[in-house]
Structures are given as structure tokens and as C-alpha cells.
Amino acid sequence: MSGEDGHPGGDVGAGPPVLELDEVSVVFSSGLFRREHVHAMRDVSLRIEPGETLGVVGESGSGKTTTGMVALGLQRPTSGAVRFEGVPGVAKRRRGLAGSIQVVLQHPQWSLDPRMRVGDSVAEPFGAATHRTRNEGDVERDRRVGAATHRTRDVGAAEAVRVMLEEVGLEPSFAERYPHELSGGQRQRVAIARALITRPRFVVFDEAVSALDVSVQAQILNLIKDLQAEFGFSALFISHDLGAVRYVAHRIAVMRHGEVVETAETETFYANPSHEYSRQLLEAL
Amino acid sequence: MVAAFGSMANLGGDPAELAGARLQPPSPEHWLGTDHLGRSLVPRLLEGVGVTLLLSSIAVLATAVLSTALGILAGYAGGALNDLVMRLVELLYAFPSIVLAILVAAVVGPGRPAAMAAIVLVTIPLMTRLVRAASAAVSQRDYVTSAIVSGVRLPKILVRHVLPNVSGTIAVQGTYALSVGILVEGGLSFLGLGVQPPQASLGVLIQEGGVYMVAAPWLIIAPGVVLILAILSINVVGDGLRDRFEPRETRSLR
């Protein structure tokens, strides 16, 4: 691994990284008697500081999506540690962390259940997360956001949905609609609203804008940036689109064949990529 | 066909009544003639259709419940549970349906319970496999992943997300299973292992008619035609349901 691994100054916050992957490897076995092994991730180490967006780029099959699944706790690493706010074992603590970690995924057509109203989709994580005791940080965050959202559950849910739809630039009336009545960009806005309704501290965006038109992509990227400034979540932004990543990420990690070949500040990376493969990727842009 | 189901109750008199001379050809008095005991065929036929449909419907309902539960779980969970369910189902699938039905009748003893059990066992593999496939596809979708990440509990995910999105498959397969069920009942009763005379069913009527095929062909033609029509119309309904469910799913693709 080359390039600098440090963090850009102290402006983004102190304390342990929100998410840290420490020498994580994931091996998938397949074939007769499981003799064939695919190394989806090899000794991947990544850190995401509070309020920071880490972009992960690389071509198909480079292990980007597996990295996202590991960060979400949906995929257990074969070896290595995943620490959320300094505590290891994200996959084991997944239920306890629900609401703190959220995800926005690739396909706008399947991101929402076609048989559920938009409002119910957005409210779903809210209902699931409010069963748990909330952290002190959340109260503080709510106050900063200025929304009287997480108080009582039933009144709270409808109100929280309205507030979130507004945050992502949609009319409250969208809550009554079904996904097939929405455009791709609108659906992805709804998916973002659903992810942020629990005020997560960490969000994974896996190819979240890749299926959208370029002009709509720009709107959604702006929205993500604005919301991050407002809510202060950290993010892992996975994409094969270097242009999109450049726009939202503070730092960039380049993956190839399951390995991180370069990690660098976004500015440094685009001005002067140090790894040969990074240069190839940039030239192809 | 549906009208026959509704009006079977009491059109054309008592099916058991000895209405006239035996083996009479169709006449204004007995539209489809009389059978070997002198019973008029029209009420017999109506009773038979009713019995066959009722029996098949109950059996298919049982299949639908079992297959939905098995298919959704196997499709969602994947892995070892999926393998176990699918191998069991394939074991059933490997038997020709009528052989399986005869086996059931041999174990349970001839009669209506045997016919129903046979229908359930024959239709379960067909339906479970398709529900599993649909469930596996739905389980991979992003809204399910999102729900898992959000901490929604498994039963709620299955009921709120997976079940509604495979209900189309269940409805379509249910109608096809119904037509298979009618065939199985017909075959089993024809062999004398299903519904027992004097109660009528399509299979019983065809069997009785077969004995007098040369002397009184109307006795086998009428129930045969009704059987064909019943299966045909059920399949038409199934196709209609499929057309209604599938375009909607492809439409939401874009």
C-alpha cells in the first residue's frame, strides 16, 4: 500500500474512527468440496473518521461491494477485525447497531418495496430502531438538527417521515405514493430519507447514483453532501465512477483484486496518483 | 364451469334417484341419458364436478399453505435449509404423479382422504420450487437488505416484504395446482382408489362409463368433456392471473 493514510487535520473530529477495517480478508469457497477459493478481500485496512466520506473505487470484481457488506456487518470477515467506534465485532453486534449504521444501495428500482407506500418504507427503520435505547449522542444530534422527531413513537413516525422527505427535497404527499409512481431519482431520494431517518452515524452508499442519469446523479450527489453537512454522518461511498467519488469523498481508496492499492486525499489523488493502477483508472475517465 | 360448481346443489333431481330405465341414450327427459343403475347422468355429473372441485380445492389450499411456508423460508435462508427442503421436494417430484397417488392410496386406504393427500403430495413439489425461486429473488433485493441493516426482525421481513412480493407466484401456481389436482383425483378415482361409489366424482363417472363404453358411449363422453373443460378453464384463469401479475413486475423494472 502506498500513499498517505493519515487524516486531514483535526477539523472533522477527534476520538476513534467511526469505522475501522483492520487487515480484513474475506475468502469465498466454491466448487466441488469447496476447494476453490475466491479472495474477495485481502488484508484490507481502512479507516473512516467522524464526518468523513471515504470513497472506494475500483472495477467490477475488485471487492468494493464485499467491503461494503463487511462494513455493514452483513458479511463476516474470514480474518481481521471490523471496529465500529473502536469496538470490534460489527457482524455480531449488528442488531444492537441497527439505526447507527444504514445503507443506500444500487438499484433504484429495487431499493423500495413495490407493495409498500413510500411513507411506510421510510418509516420502517424508524420503527425498528426506536425499540432500542438511544445513545446520548443522538439526543445531542437531534437538537442540532432541530427536529422534534424521536419523541413519541406513533406521532413521531409520521412526523419523522414528513421531516425526512422534506430534507431530501420531496413533498410530504409522496408518503402516500407507491414506488412505481416515482422516477429513479425520486426513489433514490426516498432511499436516502429511509437511511437517514434513524440519524445514523455511518452510512454505506453502494453505487447509489450509478443507475441514474448524469443530471440526476449531480442532484443526488449534492443532496448527499448537503445532508452530510447537516447530519454529520460518516460515509463509505462505493462507486466505479471516479467523477462521482471525487465530488463527495474526502479521501479515496483504490481497490483491485481485493486489495487496497492506494489511499489518498481526494485532491492529492486526482492531481497526482501514486499507484500505476490509479493512473490507469484516471486515464480511462 | 363455475356455474356448475354453484348450481350443482339441486339441478335435475336427486343424483341417487333411480329415474328410469338403465343405459338409456340422451332424451328430453334425461339430457345425458341414464347409467347402468338407471340414474340420470346430469345430476350425477353435477355432483361429480362439485365433489372433484371441492376436494381439489381443499387439497390445493393445503398445498399453498405448506409450499408458501417452505418456499419462502428456503428461498430466504438459502444454504443448508434450502438444500434440505429442495432435496425432499425433488424426492417427491421424482415420482410419476399417478404412482405417487397409488402409493398414498395404498398407505392411507382408498377414499377421499387418500385422494386429497395424493393431490397435496403431487402439487407440493411444483409449487414449493417456484415459490422458493421467487422468494430467493426477492430476498436479494435492496429493500430486504435495507430492512436487515435497519434491524427489522426476520418474521417481519418475511411477512412484510417477501410474502407480498411472491403472492403473484402463489396465486398463479395455485390455479395450475388445481388443474393438476383435478387430474390426480380423476386418475385415482378412475382406478377405484379415490372417491368411492356411490358418491360421484369425475373420475368415478369416467370409470363407470368406461365399462359401458360401447353400449352407452354418452356415459364416458360427458364426464370426459367436463374434465377437459374444467382443466382448460382453470388454466385460462391461471394464464390470466399470470398476465396480470407479471407485466406489473416488469413495468416496475424501469
# chains A, B, ... in the order shown; residues from 1 in each chain; ligands from 1

$ interface_residues --of "chain B" --to "chain A" --cutoff "8 Å" --atoms "only C-alpha atoms" --output "list of chain:residue names"
B:Arg141, B:Asp142, B:Tyr143, B:Ser146, B:Ala147, B:Val149, B:Ser150, B:Gly151, B:Val152, B:Arg153, B:His161, B:Pro164, B:Asn165, B:Ser252, B:Leu253, B:Arg254

$ write_last_selection --atoms "C-alpha atoms" --output "PDB file, in the first residue's frame"
ATOM      1  CA  ARG B 141     -33.465  -7.127  -3.462  1.00  0.00           C
ATOM      2  CA  ASP B 142     -32.204  -3.928  -1.939  1.00  0.00           C
ATOM      3  CA  TYR B 143     -35.250  -3.232   0.173  1.00  0.00           C
ATOM      4  CA  SER B 146     -32.065  -2.252   3.825  1.00  0.00           C
ATOM      5  CA  ALA B 147     -34.572  -3.787   6.223  1.00  0.00           C
ATOM      6  CA  VAL B 149     -29.469  -3.375   8.092  1.00  0.00           C
ATOM      7  CA  SER B 150     -32.167  -1.344   9.839  1.00  0.00           C
ATOM      8  CA  GLY B 151     -32.659  -4.149  12.328  1.00  0.00           C
ATOM      9  CA  VAL B 152     -36.109  -5.290  11.205  1.00  0.00           C
ATOM     10  CA  ARG B 153     -36.709  -8.760  12.615  1.00  0.00           C
ATOM     11  CA  HIS B 161     -41.541  -7.827   2.235  1.00  0.00           C
ATOM     12  CA  PRO B 164     -46.475  -9.812  -0.628  1.00  0.00           C
ATOM     13  CA  ASN B 165     -43.886  -9.914  -3.383  1.00  0.00           C
ATOM     14  CA  SER B 252     -41.559  -1.523 -12.235  1.00  0.00           C
ATOM     15  CA  LEU B 253     -38.214  -2.514 -13.733  1.00  0.00           C
ATOM     16  CA  ARG B 254     -37.898   0.768 -15.474  1.00  0.00           C
TER      17      ARG B 254
END

$ residues_around --residues "range 67-70 of chain B" --least-positions-apart "4" --cutoff "7 Å" --atoms "only C-alpha atoms" --output "list in words"
Thr63, Ala74, Ile124, Met127, Thr128 and Val131 of chain B

$ atom_distance --atom1 "CA of Ile220 in chain A" --atom2 "CA of Gly258 in chain A"
28.2 Å

$ select_by_dssp --residues "range 215-261 of chain A" --states "alpha helix (DSSP H)" --output "PDB file with N, CA and C atoms, in the first residue's frame"
ATOM      1  N   SER A 215     -27.521  14.094 -14.995  1.00  0.00           N
ATOM      2  CA  SER A 215     -28.015  15.298 -14.344  1.00  0.00           C
ATOM      3  C   SER A 215     -28.646  14.964 -12.997  1.00  0.00           C
ATOM      4  N   VAL A 216     -29.355  13.825 -12.946  1.00  0.00           N
ATOM      5  CA  VAL A 216     -29.966  13.399 -11.687  1.00  0.00           C
ATOM      6  C   VAL A 216     -28.885  12.995 -10.691  1.00  0.00           C
ATOM      7  N   GLN A 217     -27.819  12.359 -11.216  1.00  0.00           N
ATOM      8  CA  GLN A 217     -26.678  11.995 -10.368  1.00  0.00           C
ATOM      9  C   GLN A 217     -26.155  13.204  -9.629  1.00  0.00           C
ATOM     10  N   ALA A 218     -25.987  14.300 -10.361  1.00  0.00           N
ATOM     11  CA  ALA A 218     -25.427  15.504  -9.754  1.00  0.00           C
ATOM     12  C   ALA A 218     -26.336  15.997  -8.631  1.00  0.00           C
ATOM     13  N   GLN A 219     -27.653  15.964  -8.866  1.00  0.00           N
ATOM     14  CA  GLN A 219     -28.589  16.401  -7.818  1.00  0.00           C
ATOM     15  C   GLN A 219     -28.457  15.536  -6.572  1.00  0.00           C
ATOM     16  N   ILE A 220     -28.384  14.209  -6.790  1.00  0.00           N
ATOM     17  CA  ILE A 220     -28.327  13.309  -5.639  1.00  0.00           C
ATOM     18  C   ILE A 220     -26.997  13.485  -4.894  1.00  0.00           C
ATOM     19  N   LEU A 221     -25.901  13.663  -5.643  1.00  0.00           N
ATOM     20  CA  LEU A 221     -24.602  13.870  -5.001  1.00  0.00           C
ATOM     21  C   LEU A 221     -24.614  15.141  -4.165  1.00  0.00           C
ATOM     22  N   ASN A 222     -25.214  16.200  -4.711  1.00  0.00           N
ATOM     23  CA  ASN A 222     -25.343  17.444  -3.945  1.00  0.00           C
ATOM     24  C   ASN A 222     -26.148  17.222  -2.681  1.00  0.00           C
ATOM     25  N   LEU A 223     -27.232  16.461  -2.839  1.00  0.00           N
ATOM     26  CA  LEU A 223     -28.093  16.172  -1.695  1.00  0.00           C
ATOM     27  C   LEU A 223     -27.299  15.443  -0.610  1.00  0.00           C
ATOM     28  N   ILE A 224     -26.513  14.444  -1.034  1.00  0.00           N
ATOM     29  CA  ILE A 224     -25.728  13.676  -0.058  1.00  0.00           C
ATOM     30  C   ILE A 224     -24.762  14.603   0.677  1.00  0.00           C
ATOM     31  N   LYS A 225     -24.118  15.496  -0.084  1.00  0.00           N
ATOM     32  CA  LYS A 225     -23.170  16.428   0.555  1.00  0.00           C
ATOM     33  C   LYS A 225     -23.870  17.351   1.545  1.00  0.00           C
ATOM     34  N   ASP A 226     -25.017  17.888   1.114  1.00  0.00           N
ATOM     35  CA  ASP A 226     -25.754  18.809   1.990  1.00  0.00           C
ATOM     36  C   ASP A 226     -26.187  18.109   3.266  1.00  0.00           C
ATOM     37  N   LEU A 227     -26.717  16.883   3.098  1.00  0.00           N
ATOM     38  CA  LEU A 227     -27.216  16.158   4.261  1.00  0.00           C
ATOM     39  C   LEU A 227     -26.085  15.783   5.201  1.00  0.00           C
ATOM     40  N   GLN A 228     -24.913  15.493   4.603  1.00  0.00           N
ATOM     41  CA  GLN A 228     -23.782  15.154   5.458  1.00  0.00           C
ATOM     42  C   GLN A 228     -23.346  16.368   6.275  1.00  0.00           C
ATOM     43  N   ALA A 229     -23.375  17.534   5.639  1.00  0.00           N
ATOM     44  CA  ALA A 229     -23.026  18.752   6.363  1.00  0.00           C
ATOM     45  C   ALA A 229     -24.026  18.980   7.494  1.00  0.00           C
ATOM     46  N   GLU A 230     -25.284  18.640   7.242  1.00  0.00           N
ATOM     47  CA  GLU A 230     -26.317  18.885   8.238  1.00  0.00           C
ATOM     48  C   GLU A 230     -26.300  17.841   9.361  1.00  0.00           C
ATOM     49  N   PHE A 231     -26.238  16.559   8.996  1.00  0.00           N
ATOM     50  CA  PHE A 231     -26.375  15.497   9.999  1.00  0.00           C
ATOM     51  C   PHE A 231     -25.041  14.993  10.526  1.00  0.00           C
ATOM     52  N   LEU A 242     -15.371   7.428 -11.010  1.00  0.00           N
ATOM     53  CA  LEU A 242     -14.387   8.285 -10.346  1.00  0.00           C
ATOM     54  C   LEU A 242     -14.852   9.730 -10.241  1.00  0.00           C
ATOM     55  N   GLY A 243     -15.639  10.160 -11.226  1.00  0.00           N
ATOM     56  CA  GLY A 243     -16.138  11.535 -11.202  1.00  0.00           C
ATOM     57  C   GLY A 243     -17.042  11.761 -10.004  1.00  0.00           C
ATOM     58  N   ALA A 244     -17.965  10.818  -9.794  1.00  0.00           N
ATOM     59  CA  ALA A 244     -18.908  10.941  -8.686  1.00  0.00           C
ATOM     60  C   ALA A 244     -18.184  10.905  -7.351  1.00  0.00           C
ATOM     61  N   VAL A 245     -17.217   9.988  -7.232  1.00  0.00           N
ATOM     62  CA  VAL A 245     -16.494   9.840  -5.973  1.00  0.00           C
ATOM     63  C   VAL A 245     -15.717  11.121  -5.658  1.00  0.00           C
ATOM     64  N   ARG A 246     -15.107  11.677  -6.684  1.00  0.00           N
ATOM     65  CA  ARG A 246     -14.326  12.892  -6.487  1.00  0.00           C
ATOM     66  C   ARG A 246     -15.174  13.985  -5.870  1.00  0.00           C
ATOM     67  N   TYR A 247     -16.444  14.005  -6.303  1.00  0.00           N
ATOM     68  CA  TYR A 247     -17.340  15.066  -5.888  1.00  0.00           C
ATOM     69  C   TYR A 247     -17.691  14.976  -4.400  1.00  0.00           C
ATOM     70  N   VAL A 248     -17.881  13.759  -3.867  1.00  0.00           N
ATOM     71  CA  VAL A 248     -18.357  13.637  -2.489  1.00  0.00           C
ATOM     72  C   VAL A 248     -17.300  13.196  -1.478  1.00  0.00           C
TER      73      VAL A 248
END

$ residues_around --residues "Pro16 in chain A" --least-positions-apart "3" --cutoff "12 Å" --atoms "only C-alpha atoms" --output "list in words"
His7, Val12, Gly13, Leu19, Glu20, Arg47, Ile48, Glu49, Pro50, Arg83, Phe84, Glu85, Gly86, Val87 and Pro88 of chain A

$ write_last_selection --atoms "C-alpha atoms" --output "mmCIF file, in the first residue's frame"
data_model
loop_
_atom_site.group_PDB
_atom_site.id
_atom_site.type_symbol
_atom_site.label_atom_id
_atom_site.label_comp_id
_atom_site.auth_asym_id
_atom_site.auth_seq_id
_atom_site.Cartn_x
_atom_site.Cartn_y
_atom_site.Cartn_z
ATOM 1 C CA HIS A 7 -6.313 12.151 8.335
ATOM 2 C CA VAL A 12 -13.521 16.559 11.366
ATOM 3 C CA GLY A 13 -13.469 15.438 14.986
ATOM 4 C CA LEU A 19 -15.411 2.590 11.300
ATOM 5 C CA GLU A 20 -12.147 0.795 11.028
ATOM 6 C CA ARG A 47 -10.432 3.997 8.483
ATOM 7 C CA ILE A 48 -13.345 6.363 8.337
ATOM 8 C CA GLU A 49 -13.206 9.335 10.694
ATOM 9 C CA PRO A 50 -16.290 11.059 12.130
ATOM 10 C CA ARG A 83 -14.417 -1.905 14.665
ATOM 11 C CA PHE A 84 -17.322 0.489 14.970
ATOM 12 C CA GLU A 85 -16.370 3.468 17.135
ATOM 13 C CA GLY A 86 -13.465 1.480 18.478
ATOM 14 C CA VAL A 87 -15.429 -1.649 19.469
ATOM 15 C CA PRO A 88 -14.771 -4.778 17.399
#

$ atom_distance --atom1 "CA of Ser56 in chain B" --atom2 "CA of Ile119 in chain B"
7.0 Å

$ residues_around --residues "range 197-201 of chain B" --least-positions-apart "5" --cutoff "7 Å" --atoms "only C-alpha atoms" --output "count of residues only"
6
